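Asker: I'd like to ask some things about the structure below.
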Amino acid sequence: MDHTQRRFAALRMFLVQGLGLRSANTLIKHFKDPRTVFVARRDEIEALGVPGDVVDALLSSKSADRAKQEWTRAQELGIEIVDILDPAYPPLLREIFDPPIILYIRGQGWDPDLPQVAIVGTRRPTGYGLNCGERLSEDLAQRGIAITSGLARGIDASAHRGALRNGVTYAVFGSGLDFVYPRENRKLAENTEEKGAVLSEFPLGTPPSPQNFPIRNRIIAGMSLGVVVVEAAEYSGSLITVRLALESNREVFAVPGNITSPKSFGPHVLIRQGAKLVTSWEDVVEELPHPIREKILAPIVAAMQSLPEPELDEAERKVWQALSLHDSTPIDSLIAKLPLTTSEVYSALLAMETRDVIRQLPGNKYIRRL
């Protein structure tokens, strides 16, 4: 099949020592197809900035032999190799600065079009952090969001466990897929494959070296619509994932914690810097792209529309009716369109927020509470 030949050509490029991701992506963009690289003129490849010795390695029979060995080994392990042009490649990942040209994937529930949210945090969480990670993951997975994390100890593992109760989860390895790290999460990895998938950009046989994990984190951030940090100390690797998410224009969320706990440093700094404060799954869903948010909330909205209005006074009812379950409304818009004074609007908003009828969002915006 054509896609198999294209995937093999991309794998062959990927395994050539000295051909970095930037150069590999440049070649694919220029030639439109990895297969075309291997029938191109040598001078045309060099003109794209690839050194002569790397071109020699790329076009040699040795590169084909090594790719064949890797391909055969992957098939033996039940691993699918997907290239960057393949429909099975996660679409959001293509948008990052240096996307991997191939991914190793194994699992029964891989769906590149399923919306993903990453949940990450410290490897040494408190009981509170573990409970938050599991509950939030379970609630989001139940509503059709795939939970992506790194299978590490602590918050990562709690995120996978929570998602597995009600839906799909994806684990991104910092090693080849023939290594499960840490070993204590081997059963969790197997369960993840049954209901989701494990992924890696590292060749088979790559051990879980420390330098691999920051590289792995860009895939976690890149595949996801947003990243939720549950607990993270001052120098946590989770904050690297957040930086990568911001560089890729992804949403950043943070779960507040105990102000006396060092594990709360990361989330609280992020909240001060403008990250969305998260106390429930609704806080995450409200920030997702409109079509995804609508799909998740539609059944809830339909059910709520059949319920009677809450008990409100006249001013509160006018404000409540001007708000939506779907989209937040800025305070200035409310004041401009309502036949109420500014103080009456603020008073009604405060009263309804106190009774959990509405929610205030960042930017002084308001929305009806689900």
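Chains: A, B, ... in order of the structure tokens. Residues: from 1 per chain. Ligands: from 1, in order shown.
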Mind running region 189-219 of chain A against region 116-139 of chain A at 12 Å and telling me each contacting residue's nearest atom pair with the distance in Å (one decimal), counting only C-alpha atoms, chain and number ascending, as JSON lines?
Answerer:
```
{"residue": "A:Gly196", "atom": "CA", "partner": "A:Gln116", "partner_atom": "CA", "distance": 11.7}
{"residue": "A:Asn217", "atom": "CA", "partner": "A:Val120", "partner_atom": "CA", "distance": 9.8}
{"residue": "A:Arg218", "atom": "CA", "partner": "A:Ala118", "partner_atom": "CA", "distance": 11.1}
{"residue": "A:Ile219", "atom": "CA", "partner": "A:Ala118", "partner_atom": "CA", "distance": 10.2}
```
Asker: Can you write just those residues out, C-alpha atoms, as a PDB file, in the first residue's frame?
Answerer:
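Result file follows (part_9.pdb):
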```pdb
ATOM      1  CA  GLY A 196      -6.217   4.067  24.355  1.00  0.00           C
ATOM      2  CA  ASN A 217       6.934  16.770  26.832  1.00  0.00           C
ATOM      3  CA  ARG A 218       6.616  18.764  23.609  1.00  0.00           C
ATOM      4  CA  ILE A 219       4.558  15.894  22.146  1.00  0.00           C
TER       5      ILE A 219
END
```
Asker: Would you kindly return, as a list in words, each protein, DNA or RNA residue with an atom no farther than 10 Å from any atom of Thr26 (chain A), considering only C-alpha atoms and excluding same-chain residues fewer than 3 positions away?
Answerer: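 Counting only C-alpha atoms, the residues come to Gly20, Leu21, Arg22, Ser23, Lys29, His30, Phe31, Lys32, Ile45, Leu48, Gly49 and Val50 of chain A.
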Asker: Please indicate the distance in Å from CA of Val228 (chain A) to CA of His290 (chain A), rounded to one decimal place.
Answerer: 18.9 Å
Asker: If you take only C-alpha atoms and a cut-off of 8 Å, which residues of region 255-323 of chain A touch region 348-353 of chain A, and what are their nearest atom pairs and distances in Å to one decimal, in chain and number order, as JSON lines?
Answerer:
```
{"residue": "A:Ala315", "atom": "CA", "partner": "A:Ala348", "partner_atom": "CA", "distance": 6.4}
{"residue": "A:Glu316", "atom": "CA", "partner": "A:Ala348", "partner_atom": "CA", "distance": 4.8}
{"residue": "A:Val319", "atom": "CA", "partner": "A:Ala348", "partner_atom": "CA", "distance": 7.0}
```
Asker: May I have the selected residues written with C-alpha atoms, as a tab-separated table (two decimals), in the first residue's frame?
Answerer:
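As a result, again.tsv now contains:
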```
chain	number	residue	atom	x	y	z
A	315	ALA	CA	-32.96	42.50	38.28
A	316	GLU	CA	-31.32	39.09	38.69
A	319	VAL	CA	-29.17	39.54	34.03
```
Asker: Which residues are close to His268 (chain A), i.e. within 12 Å by only C-alpha atoms, leaving aside same-chain residues fewer than 4 positions away? Reply as a PDB file with C-alpha atoms, in the first residue's frame.
Answerer:
```pdb
ATOM      1  CA  VAL A 229      -1.086  21.305  35.939  1.00  0.00           C
ATOM      2  CA  VAL A 230      -2.281  19.713  39.169  1.00  0.00           C
ATOM      3  CA  GLU A 231       0.743  19.926  41.491  1.00  0.00           C
ATOM      4  CA  ALA A 232       4.249  21.073  40.569  1.00  0.00           C
ATOM      5  CA  ALA A 233       7.162  22.285  42.649  1.00  0.00           C
ATOM      6  CA  GLU A 234       9.356  25.208  41.629  1.00  0.00           C
ATOM      7  CA  LEU A 239       6.491  23.616  33.926  1.00  0.00           C
ATOM      8  CA  PHE A 253      -4.924  25.421  33.240  1.00  0.00           C
ATOM      9  CA  ALA A 254      -3.914  25.037  36.885  1.00  0.00           C
ATOM     10  CA  VAL A 255      -5.546  23.389  39.891  1.00  0.00           C
ATOM     11  CA  PRO A 256      -5.028  25.485  43.058  1.00  0.00           C
ATOM     12  CA  GLY A 257      -3.546  23.789  46.077  1.00  0.00           C
ATOM     13  CA  ASN A 258      -2.628  24.280  49.708  1.00  0.00           C
ATOM     14  CA  ILE A 259      -0.747  27.595  50.025  1.00  0.00           C
ATOM     15  CA  THR A 260       1.671  26.041  52.532  1.00  0.00           C
ATOM     16  CA  SER A 261       2.653  23.153  50.231  1.00  0.00           C
ATOM     17  CA  PRO A 262       5.733  23.423  47.977  1.00  0.00           C
ATOM     18  CA  LYS A 263       3.788  21.310  45.464  1.00  0.00           C
ATOM     19  CA  SER A 264       1.427  24.260  44.962  1.00  0.00           C
ATOM     20  CA  ARG A 272      -0.967  34.585  38.817  1.00  0.00           C
ATOM     21  CA  GLN A 273       0.385  34.673  35.268  1.00  0.00           C
ATOM     22  CA  GLY A 274      -3.066  34.165  33.762  1.00  0.00           C
ATOM     23  CA  ALA A 275      -3.623  30.395  33.619  1.00  0.00           C
ATOM     24  CA  LYS A 276      -7.248  29.328  33.974  1.00  0.00           C
ATOM     25  CA  LEU A 277      -8.016  28.248  37.528  1.00  0.00           C
ATOM     26  CA  VAL A 278      -9.603  24.784  37.521  1.00  0.00           C
TER      27      VAL A 278
END
```
Asker: Check the smallest atom-to-atom distance from each of A:Arg106, A:Arg94, A:Arg41, A:Arg35 to Ala74 (chain A) using only C-alpha atoms, then report the winner.
Answerer: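 Of the candidates, the smallest distance to Ala74 (chain A) is held by A:Arg106.
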Asker: Between CA of Leu177 (chain A) and CA of Ile105 (chain A), what is the distance, to one decimal in Å?
Answerer: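 It comes out at 8.1 Å.
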Asker: Extract, using only C-alpha atoms, all DNA, RNA and protein residues at most 8 Å from Arg66 (chain A), discarding same-chain residues fewer than 3 positions from it, and format them as a ChimeraX atom specification.
Answerer: /A:12,15,62-63,69-70
Asker: Pick the closest to Arg183 (chain A) from A:His3, A:Arg153, A:Arg317, A:Arg359: which is it, counting only C-alpha atoms?
Answerer: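 Of A:His3, A:Arg153, A:Arg317, A:Arg359, the one nearest Arg183 (chain A), counting only C-alpha atoms, is A:Arg153.
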Asker: Can you tell me which residues surround Val82 (chain A) at a distance of at most 7 Å, considering only C-alpha atoms, apart from same-chain residues fewer than 2 positions away, and format the answer as JSON, numbers by chain?
Answerer: {"A": [7, 80, 84, 86, 88, 89, 102, 103, 104]}
